[in-house]
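Have a look at the structure below, then the notes.
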Amino acid sequence: MIGRICGTGSYVPEKIVSNDDLAKIVDTSDEWISERTGVRRRHIAGQDTVVSMAAKAAGRALENAGISPEEVDLILLATSTSNVIFPSAACSVQKEIGAVNAGGLDVSAACTGFLSVYQMGQAYIQAGMARTVLLIGAECLSRLVNWEDRGTCILFGDGAGAAVLQADASASCLQTALHSDGAKGWTLTCDSRHKEGAKDLSKDLSTYIRMDGKEVFKFAVTKVPEAVREVLKKAELSVDDISWFLLHQANIRIIESVAKRLRLGMERFPSNMEEYGNTSAASIPILLDEMNRSGKLERGQKLVMSGFGAGLTWGACVFEW
Ligand code: COA
C-alpha cells in the first residue's frame, strides 16, 4: 500500500517586497533580478513564524482533503529556518491544529526538504506504520538573509505549503531517488546563531546565507535531469508520460535549463517564483497547492517532483495524482 495526496494547502505572509523595493537598499535593479532569476516579488514574514505559517498551510490542506486533525498519524515538517530548536516546529503545529493523535518531527534537508518528507511519508505508509501523514514545508528565510548582500537577498522569500498523504489501495506508480554530496556543502552555507563563544552574532556573516551562485547553478542543472531520468527509468516511464514536472522554485533559468536537458518545452514546468522567490522547502508544496486549486491536476496524471539545494542534496520522485 502506498499513499496518495488527497489535499493541499499553502500560506504566504501578506507583506510583499518588490525588486524595486530591494533596489532602494542594495545596488540592483528589477531588470537584473528578473532577467537572471525570474523573481519579481517575495513575501516576507512580519509577525509570522515557521510554526504560524506551517499551521495555516496545514489547516488549509486538511480542509481541502476533508480530513479531521484527529485522523493525522504523523506530521513531517521540512524546514531549515525554525526560530526554535525545540520543541520541534512539527510538535507546535500539532498543538495549533489539534492533531492530538499525531507524532511529529522536523526534517532538515534545505530545498530538498519537501521531497524528503514526501519520501519519508510514503515509507511510513508502505511499512504500515502510518495511514495519514501531514507533509509540510515551511520557511522563514528572510531572517537568515544578509540584506546587504545583493548576491543572495534578491533570491529568497517566506511561506509554507502542506499536503495530506493518505494510504490508498488504488494508488500506484511511485519511484523515488534521494542523493547528497557533503563534499560540496561549502557552496551554500549558513552557520548556527548559537555558536559557542561568539558575542555579537549579528556581525558574524557566516550566520547568514552564503552562496557560490555559479557552482550551485551548475550543480542544479546537472543533477536534477539525472535524478528525473533515474526515477523515470525505475518506473519504466518516459518524459512523455509525465503531465507536470514540479521543480523546486529557485530560479527560472535553472528550470529552463533542466527542461532543455530533458529535451522538453516549458509548458509542463509550472513556475511561481515570480511571486514568491525561492521559499526553499516550501516552494514545491506552494506550487502543488496552486496547481491543485486552479484545477490543473487530474486524478491519474503522473507527476514528477524534484528538489535540490544545500547539503548538497537533490532527488526526484514520480507519482500518480
Ligand atoms: N544586482 C546587480 N548586479 C549583481 C547582483 C544584483 N542583485 N548580484 C550580483 N551582481 C553582479 C556581480 O557583482 C557581478 O558583477 P561583476 O561582473 O562586476 O563582478 C555580476 O553581477 C555577475 O555576478 P554573478 O554572480 O557572476 O552572476 P550570475 O550570472 O551567476 O547570477 C545568480 C547570480 C545568484 C542569480 C546565479 O548564480 C544563480 O541563480 N545561481 C543559483 C542560485 C540558487 O538558485 N541558489 C539556491 C539553490 S536552492
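Convention: chains lettered A, B, ... in C-alpha cells order; per-chain residue numbering from 1; ligands numbered from 1 as shown.
Near ligand 1, at a distance of at most 7 Å and with only C-alpha atoms and all ligand atoms counted, sit the residues Asp27, Thr28, Ser29, Trp32, Ile33, Arg36, Thr37, Cys111, Arg150, Gly151, Thr152, Ile154, Gly213, Lys214, Val216, Phe217, Ala250, Asn251, Ser280, Phe308, Gly309 and Ala310 of chain A.
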Next, the residues of the selection above should be written as a compact mmCIF listing (two decimals), in the first residue's frame with N, CA, C and O atoms.
# COMPACT_ATOMS: atom_id res chain seq x y z
N ASP A 27 22.55 47.72 -4.37
CA ASP A 27 22.79 48.19 -5.73
C ASP A 27 22.31 47.12 -6.74
O ASP A 27 23.07 46.22 -7.09
N THR A 28 21.05 47.21 -7.12
CA THR A 28 20.50 46.22 -8.05
C THR A 28 19.34 46.87 -8.81
O THR A 28 19.07 48.06 -8.64
N SER A 29 18.67 46.10 -9.66
CA SER A 29 17.52 46.64 -10.40
C SER A 29 16.52 45.53 -10.68
O SER A 29 16.90 44.35 -10.70
N TRP A 32 17.76 43.47 -13.66
CA TRP A 32 18.83 42.49 -13.39
C TRP A 32 18.23 41.27 -12.70
O TRP A 32 18.48 40.13 -13.11
N ILE A 33 17.44 41.52 -11.67
CA ILE A 33 16.91 40.38 -10.89
C ILE A 33 15.97 39.52 -11.73
O ILE A 33 16.09 38.29 -11.77
N ARG A 36 17.87 37.52 -14.51
CA ARG A 36 18.77 36.44 -14.07
C ARG A 36 18.07 35.36 -13.27
O ARG A 36 18.58 34.25 -13.15
N THR A 37 16.90 35.70 -12.67
CA THR A 37 16.30 34.72 -11.73
C THR A 37 14.83 34.43 -12.01
O THR A 37 14.32 33.39 -11.57
N CYS A 111 16.42 22.89 0.54
CA CYS A 111 15.41 22.99 -0.53
C CYS A 111 14.96 21.62 -1.03
O CYS A 111 14.06 21.53 -1.86
N ARG A 150 23.71 41.75 -2.14
CA ARG A 150 22.82 41.71 -3.31
C ARG A 150 22.88 40.37 -4.04
O ARG A 150 22.00 40.04 -4.83
N GLY A 151 23.94 39.60 -3.79
CA GLY A 151 24.06 38.30 -4.44
C GLY A 151 23.09 37.26 -3.89
O GLY A 151 22.80 36.27 -4.56
N THR A 152 22.60 37.46 -2.68
CA THR A 152 21.67 36.47 -2.10
C THR A 152 20.30 37.05 -1.71
O THR A 152 19.29 36.36 -1.85
N ILE A 154 18.25 38.96 -2.99
CA ILE A 154 17.24 39.08 -4.05
C ILE A 154 16.49 37.78 -4.31
O ILE A 154 15.45 37.76 -4.95
N GLY A 213 26.97 31.21 -6.20
CA GLY A 213 25.82 31.09 -7.11
C GLY A 213 26.11 30.27 -8.34
O GLY A 213 25.30 29.43 -8.76
N LYS A 214 27.29 30.47 -8.93
CA LYS A 214 27.60 29.77 -10.18
C LYS A 214 27.73 28.26 -9.95
O LYS A 214 27.26 27.45 -10.75
N VAL A 216 26.32 26.53 -7.52
CA VAL A 216 25.00 25.97 -7.20
C VAL A 216 24.19 25.82 -8.50
O VAL A 216 23.52 24.80 -8.70
N PHE A 217 24.31 26.79 -9.37
CA PHE A 217 23.60 26.74 -10.65
C PHE A 217 24.05 25.51 -11.46
O PHE A 217 23.21 24.73 -11.93
N ALA A 250 13.78 27.71 -7.56
CA ALA A 250 14.94 28.51 -7.17
C ALA A 250 15.18 29.65 -8.15
O ALA A 250 15.47 30.77 -7.76
N ASN A 251 15.04 29.33 -9.44
CA ASN A 251 15.47 30.28 -10.47
C ASN A 251 14.88 29.80 -11.79
O ASN A 251 15.03 28.62 -12.14
N SER A 280 12.55 27.80 -0.51
CA SER A 280 13.22 26.57 -0.05
C SER A 280 12.21 25.41 0.09
O SER A 280 11.52 25.10 -0.87
N PHE A 308 16.28 20.34 -4.86
CA PHE A 308 17.75 20.42 -4.86
C PHE A 308 18.15 21.62 -4.04
O PHE A 308 17.44 22.61 -3.99
N GLY A 309 19.29 21.49 -3.36
CA GLY A 309 19.73 22.64 -2.56
C GLY A 309 20.88 22.32 -1.64
O GLY A 309 21.67 21.39 -1.90
N ALA A 310 20.96 23.09 -0.54
CA ALA A 310 22.10 22.99 0.37
C ALA A 310 22.27 21.55 0.86
O ALA A 310 21.32 20.78 0.96
### Task
Find the residues near region 158-165 of chain A: any atom within 8 Å, counting only C-alpha atoms, skip ones fewer than 6 places away on the same chain, and give them as a PyMOL selection string.
chain A and resi 3-13+42-45+50+53-54+57-58+61-62+65+121-122+132-142+276+279+282-286+289
Would you export the selected residues with N, CA and C atoms as a short mmCIF file (atom, residue, chain, number, x, y, z; two decimals), in the first residue's frame, please?
data_model
loop_
_atom_site.label_atom_id
_atom_site.label_comp_id
_atom_site.auth_asym_id
_atom_site.auth_seq_id
_atom_site.Cartn_x
_atom_site.Cartn_y
_atom_site.Cartn_z
N GLY A 3 0.78 5.81 -0.47
CA GLY A 3 -0.10 6.93 -0.19
C GLY A 3 -0.42 7.73 -1.44
N ARG A 4 -1.55 8.47 -1.35
CA ARG A 4 -1.91 9.39 -2.43
C ARG A 4 -2.20 10.75 -1.78
N ILE A 5 -1.77 11.81 -2.43
CA ILE A 5 -2.06 13.14 -1.88
C ILE A 5 -3.55 13.42 -2.08
N CYS A 6 -4.23 13.73 -0.96
CA CYS A 6 -5.68 13.93 -1.08
C CYS A 6 -6.09 15.35 -0.66
N GLY A 7 -5.13 16.23 -0.42
CA GLY A 7 -5.47 17.62 -0.11
C GLY A 7 -4.20 18.44 0.00
N THR A 8 -4.31 19.72 -0.37
CA THR A 8 -3.14 20.60 -0.29
C THR A 8 -3.55 21.95 0.30
N GLY A 9 -2.57 22.66 0.86
CA GLY A 9 -2.84 24.00 1.38
C GLY A 9 -1.56 24.81 1.37
N SER A 10 -1.70 26.13 1.40
CA SER A 10 -0.49 26.95 1.47
C SER A 10 -0.81 28.27 2.15
N TYR A 11 0.23 28.94 2.55
CA TYR A 11 0.08 30.25 3.19
C TYR A 11 1.35 31.06 2.92
N VAL A 12 1.18 32.30 2.52
CA VAL A 12 2.34 33.21 2.44
C VAL A 12 2.00 34.49 3.20
N PRO A 13 2.99 35.13 3.82
CA PRO A 13 2.71 36.36 4.56
C PRO A 13 2.23 37.46 3.61
N ARG A 42 8.68 38.99 -3.47
CA ARG A 42 8.74 37.91 -2.49
C ARG A 42 7.90 38.35 -1.31
N HIS A 43 7.33 37.38 -0.59
CA HIS A 43 6.52 37.67 0.60
C HIS A 43 7.42 37.50 1.83
N ILE A 44 7.32 38.47 2.74
CA ILE A 44 8.24 38.47 3.89
C ILE A 44 7.43 38.44 5.19
N ALA A 45 7.84 37.53 6.07
CA ALA A 45 7.11 37.39 7.35
C ALA A 45 7.31 38.63 8.22
N VAL A 50 7.81 30.23 11.32
CA VAL A 50 7.69 28.94 10.61
C VAL A 50 6.45 28.20 11.13
N MET A 53 3.03 29.93 10.02
CA MET A 53 2.77 29.73 8.58
C MET A 53 2.45 28.26 8.30
N ALA A 54 3.23 27.38 8.92
CA ALA A 54 3.01 25.94 8.70
C ALA A 54 1.62 25.52 9.18
N ALA A 57 -1.01 26.67 6.64
CA ALA A 57 -0.98 25.84 5.42
C ALA A 57 -1.55 24.45 5.73
N ALA A 58 -1.19 23.90 6.90
CA ALA A 58 -1.65 22.56 7.27
C ALA A 58 -3.16 22.53 7.45
N ALA A 61 -4.76 22.47 4.14
CA ALA A 61 -4.60 21.17 3.46
C ALA A 61 -5.60 20.15 4.01
N LEU A 62 -5.79 20.14 5.33
CA LEU A 62 -6.74 19.20 5.94
C LEU A 62 -8.15 19.50 5.47
N ALA A 65 -8.63 18.34 2.03
CA ALA A 65 -8.72 16.87 1.97
C ALA A 65 -10.01 16.36 2.60
N GLY A 121 7.15 10.02 4.26
CA GLY A 121 5.73 9.76 4.49
C GLY A 121 5.30 8.51 3.75
N GLN A 122 5.77 8.38 2.50
CA GLN A 122 5.44 7.18 1.71
C GLN A 122 6.03 5.94 2.38
N THR A 132 -2.29 8.20 7.70
CA THR A 132 -2.49 9.57 7.24
C THR A 132 -1.32 10.44 7.72
N VAL A 133 -0.59 11.00 6.77
CA VAL A 133 0.61 11.76 7.11
C VAL A 133 0.45 13.19 6.58
N LEU A 134 0.72 14.15 7.45
CA LEU A 134 0.67 15.56 7.05
C LEU A 134 2.09 15.99 6.72
N LEU A 135 2.28 16.38 5.46
CA LEU A 135 3.60 16.80 4.99
C LEU A 135 3.62 18.32 4.89
N ILE A 136 4.65 18.94 5.46
CA ILE A 136 4.70 20.41 5.43
C ILE A 136 6.11 20.86 5.05
N GLY A 137 6.16 21.92 4.26
CA GLY A 137 7.42 22.62 4.02
C GLY A 137 7.19 24.06 4.42
N ALA A 138 7.98 24.59 5.35
CA ALA A 138 7.74 25.97 5.82
C ALA A 138 9.07 26.65 6.08
N GLU A 139 9.20 27.89 5.62
CA GLU A 139 10.49 28.58 5.76
C GLU A 139 10.32 30.06 6.03
N CYS A 140 11.21 30.56 6.86
CA CYS A 140 11.29 31.99 7.14
C CYS A 140 12.71 32.44 6.80
N LEU A 141 13.03 32.40 5.51
CA LEU A 141 14.41 32.66 5.07
C LEU A 141 14.83 34.11 5.27
N SER A 142 13.83 35.00 5.35
CA SER A 142 14.17 36.43 5.47
C SER A 142 15.01 36.69 6.71
N TYR A 276 6.94 34.63 -5.41
CA TYR A 276 7.38 34.25 -4.07
C TYR A 276 8.89 34.18 -3.88
N THR A 279 11.45 29.89 -1.84
CA THR A 279 10.98 29.65 -0.47
C THR A 279 11.48 28.29 0.05
N ALA A 282 9.42 25.17 1.14
CA ALA A 282 8.00 25.49 0.93
C ALA A 282 7.65 25.62 -0.56
N SER A 283 8.65 25.70 -1.43
CA SER A 283 8.33 26.08 -2.81
C SER A 283 7.50 25.02 -3.54
N ILE A 284 7.88 23.75 -3.41
CA ILE A 284 7.12 22.72 -4.15
C ILE A 284 5.69 22.59 -3.62
N PRO A 285 5.46 22.52 -2.29
CA PRO A 285 4.06 22.39 -1.85
C PRO A 285 3.21 23.64 -2.12
N ILE A 286 3.81 24.82 -2.16
CA ILE A 286 3.03 26.01 -2.53
C ILE A 286 2.59 25.89 -4.00
N ASP A 289 -0.10 23.27 -4.38
CA ASP A 289 -1.40 23.76 -3.93
C ASP A 289 -2.02 24.68 -4.98
#
### Query
What separation in Å, quoted to one decimal, exists between CA of Asp181 (chain A) and CA of Glu236 (chain A)?
26.6 Å
### Spatial neighbours of region 97-108 of chain A, 10 Å, only C-alpha atoms, chain gap at least 6 places, as an MDAnalysis selection string
chainID A and resid 54:56 58:59 62 68:82 85:91 114 116:117 120 130 132:134 136:137 281 310:311
Would you output that residue set with C-alpha atoms, as an mmCIF file, in the first residue's frame?
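File result_29.cif, as written:
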data_model
loop_
_atom_site.group_PDB
_atom_site.id
_atom_site.type_symbol
_atom_site.label_atom_id
_atom_site.label_comp_id
_atom_site.auth_asym_id
_atom_site.auth_seq_id
_atom_site.Cartn_x
_atom_site.Cartn_y
_atom_site.Cartn_z
ATOM 1 C CA ALA A 54 3.014 25.939 8.705
ATOM 2 C CA ALA A 55 -0.098 25.678 10.874
ATOM 3 C CA LYS A 56 -2.128 27.833 8.464
ATOM 4 C CA ALA A 58 -1.646 22.556 7.275
ATOM 5 C CA GLY A 59 -5.151 23.631 8.310
ATOM 6 C CA LEU A 62 -6.736 19.202 5.935
ATOM 7 C CA SER A 68 -10.120 15.962 10.564
ATOM 8 C CA PRO A 69 -6.940 16.807 12.531
ATOM 9 C CA GLU A 70 -7.582 13.798 14.815
ATOM 10 C CA GLU A 71 -7.105 11.456 11.847
ATOM 11 C CA VAL A 72 -3.488 12.516 11.290
ATOM 12 C CA ASP A 73 -0.957 9.884 12.455
ATOM 13 C CA LEU A 74 2.236 11.746 11.694
ATOM 14 C CA ILE A 75 3.401 15.293 10.939
ATOM 15 C CA LEU A 76 6.641 15.606 8.972
ATOM 16 C CA LEU A 77 7.764 19.219 8.711
ATOM 17 C CA ALA A 78 10.639 20.222 6.440
ATOM 18 C CA THR A 79 12.367 23.434 7.485
ATOM 19 C CA SER A 80 15.819 24.926 7.955
ATOM 20 C CA THR A 81 14.637 28.189 9.433
ATOM 21 C CA SER A 82 12.634 27.420 12.550
ATOM 22 C CA ILE A 85 15.457 24.359 18.380
ATOM 23 C CA PHE A 86 12.932 22.508 20.486
ATOM 24 C CA PRO A 87 10.099 21.771 20.770
ATOM 25 C CA SER A 88 10.161 20.937 17.078
ATOM 26 C CA ALA A 89 8.043 23.063 14.752
ATOM 27 C CA ALA A 90 6.076 19.896 13.929
ATOM 28 C CA CYS A 91 5.044 19.485 17.582
ATOM 29 C CA PHE A 114 9.572 18.686 0.863
ATOM 30 C CA SER A 116 12.372 14.273 1.585
ATOM 31 C CA VAL A 117 9.264 14.377 3.781
ATOM 32 C CA MET A 120 9.521 9.542 4.326
ATOM 33 C CA ALA A 130 1.024 5.329 9.444
ATOM 34 C CA THR A 132 -2.488 9.574 7.240
ATOM 35 C CA VAL A 133 0.606 11.764 7.112
ATOM 36 C CA LEU A 134 0.668 15.556 7.054
ATOM 37 C CA ILE A 136 4.698 20.407 5.433
ATOM 38 C CA GLY A 137 7.425 22.618 4.017
ATOM 39 C CA ALA A 281 11.284 23.605 1.415
ATOM 40 C CA ALA A 310 22.098 22.985 0.372
ATOM 41 C CA GLY A 311 23.865 19.875 1.593
#
Go through region 187-260 of chain A residue by residue and, counting only C-alpha atoms, keep those with an atom at most 12 Å from region 315-318 of chain A; for each kept residue give the shortest atom pair and its distance in Å to one decimal, ordered by chain and increasing number, as CSV.
residue,atom,partner,partner_atom,distance
A:Ala220,CA,A:Gly315,CA,10.4
A:Thr222,CA,A:Gly315,CA,11.8
A:Lys223,CA,A:Gly315,CA,8.1
A:Val224,CA,A:Gly315,CA,7.0
A:Pro225,CA,A:Ala316,CA,9.2
A:Glu226,CA,A:Gly315,CA,8.9
A:Ala227,CA,A:Gly315,CA,5.5
A:Val228,CA,A:Ala316,CA,5.8
A:Arg229,CA,A:Ala316,CA,9.0
A:Glu230,CA,A:Ala316,CA,8.3
A:Val231,CA,A:Cys317,CA,6.0
A:Leu232,CA,A:Val318,CA,7.0
A:Lys233,CA,A:Val318,CA,10.3
A:Lys234,CA,A:Val318,CA,9.5
A:Ala235,CA,A:Val318,CA,7.7
A:Glu236,CA,A:Val318,CA,10.7
A:Leu237,CA,A:Val318,CA,9.3
A:Ser238,CA,A:Val318,CA,10.9
A:Val239,CA,A:Val318,CA,10.6
A:Asp241,CA,A:Val318,CA,10.4
A:Ile242,CA,A:Val318,CA,8.5
A:Ser243,CA,A:Val318,CA,10.7
A:Trp244,CA,A:Val318,CA,10.0
A:Phe245,CA,A:Val318,CA,9.2
A:Leu246,CA,A:Ala316,CA,9.6
A:Leu247,CA,A:Ala316,CA,8.9
A:His248,CA,A:Ala316,CA,10.2
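The coordinates place CA of Ala127 (chain A) at 14.3 Å from CA of Leu174 (chain A).
Interatomic distance, CA of His194 (chain A) to CA of Ile209 (chain A): 15.1 Å.
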### Task
For Asp21 (chain A), list every protein, DNA or RNA residue within 10 Å, evaluated using only C-alpha atoms, and leave out those in the same chain fewer than 5 positions away; present the list as an MDAnalysis selection string.
chainID A and resid 16 26 29:30 41
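The nearest approach to Gly265 (chain A) among the residues A:Asp240, A:Leu188, A:Gly300, A:Arg40, with only C-alpha atoms taken into account, belongs to A:Asp240.
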## Note on the structure
Among A:Asp204, A:Trp147, A:Val304, A:Thr49, Thr176 (chain A) is approached most closely, using only C-alpha atoms, by A:Val304
### Task
Quick one: pick out all strand (DSSP E or B) residues within region 65-234 of chain A from a backbone DSSP run and write them as a PyMOL selection string.
chain A and resi 74-78+103-107+132-140+156+158-168+174-180+188-189+210-211
### Message
So that I can check the secondary structure, give me every residue of region 222-307 of chain A assigned helix (DSSP H, G or I) by backbone DSSP, as a ChimeraX atom specification.
### Response
/A:222-234,239-241,252-261,273-276,280-293
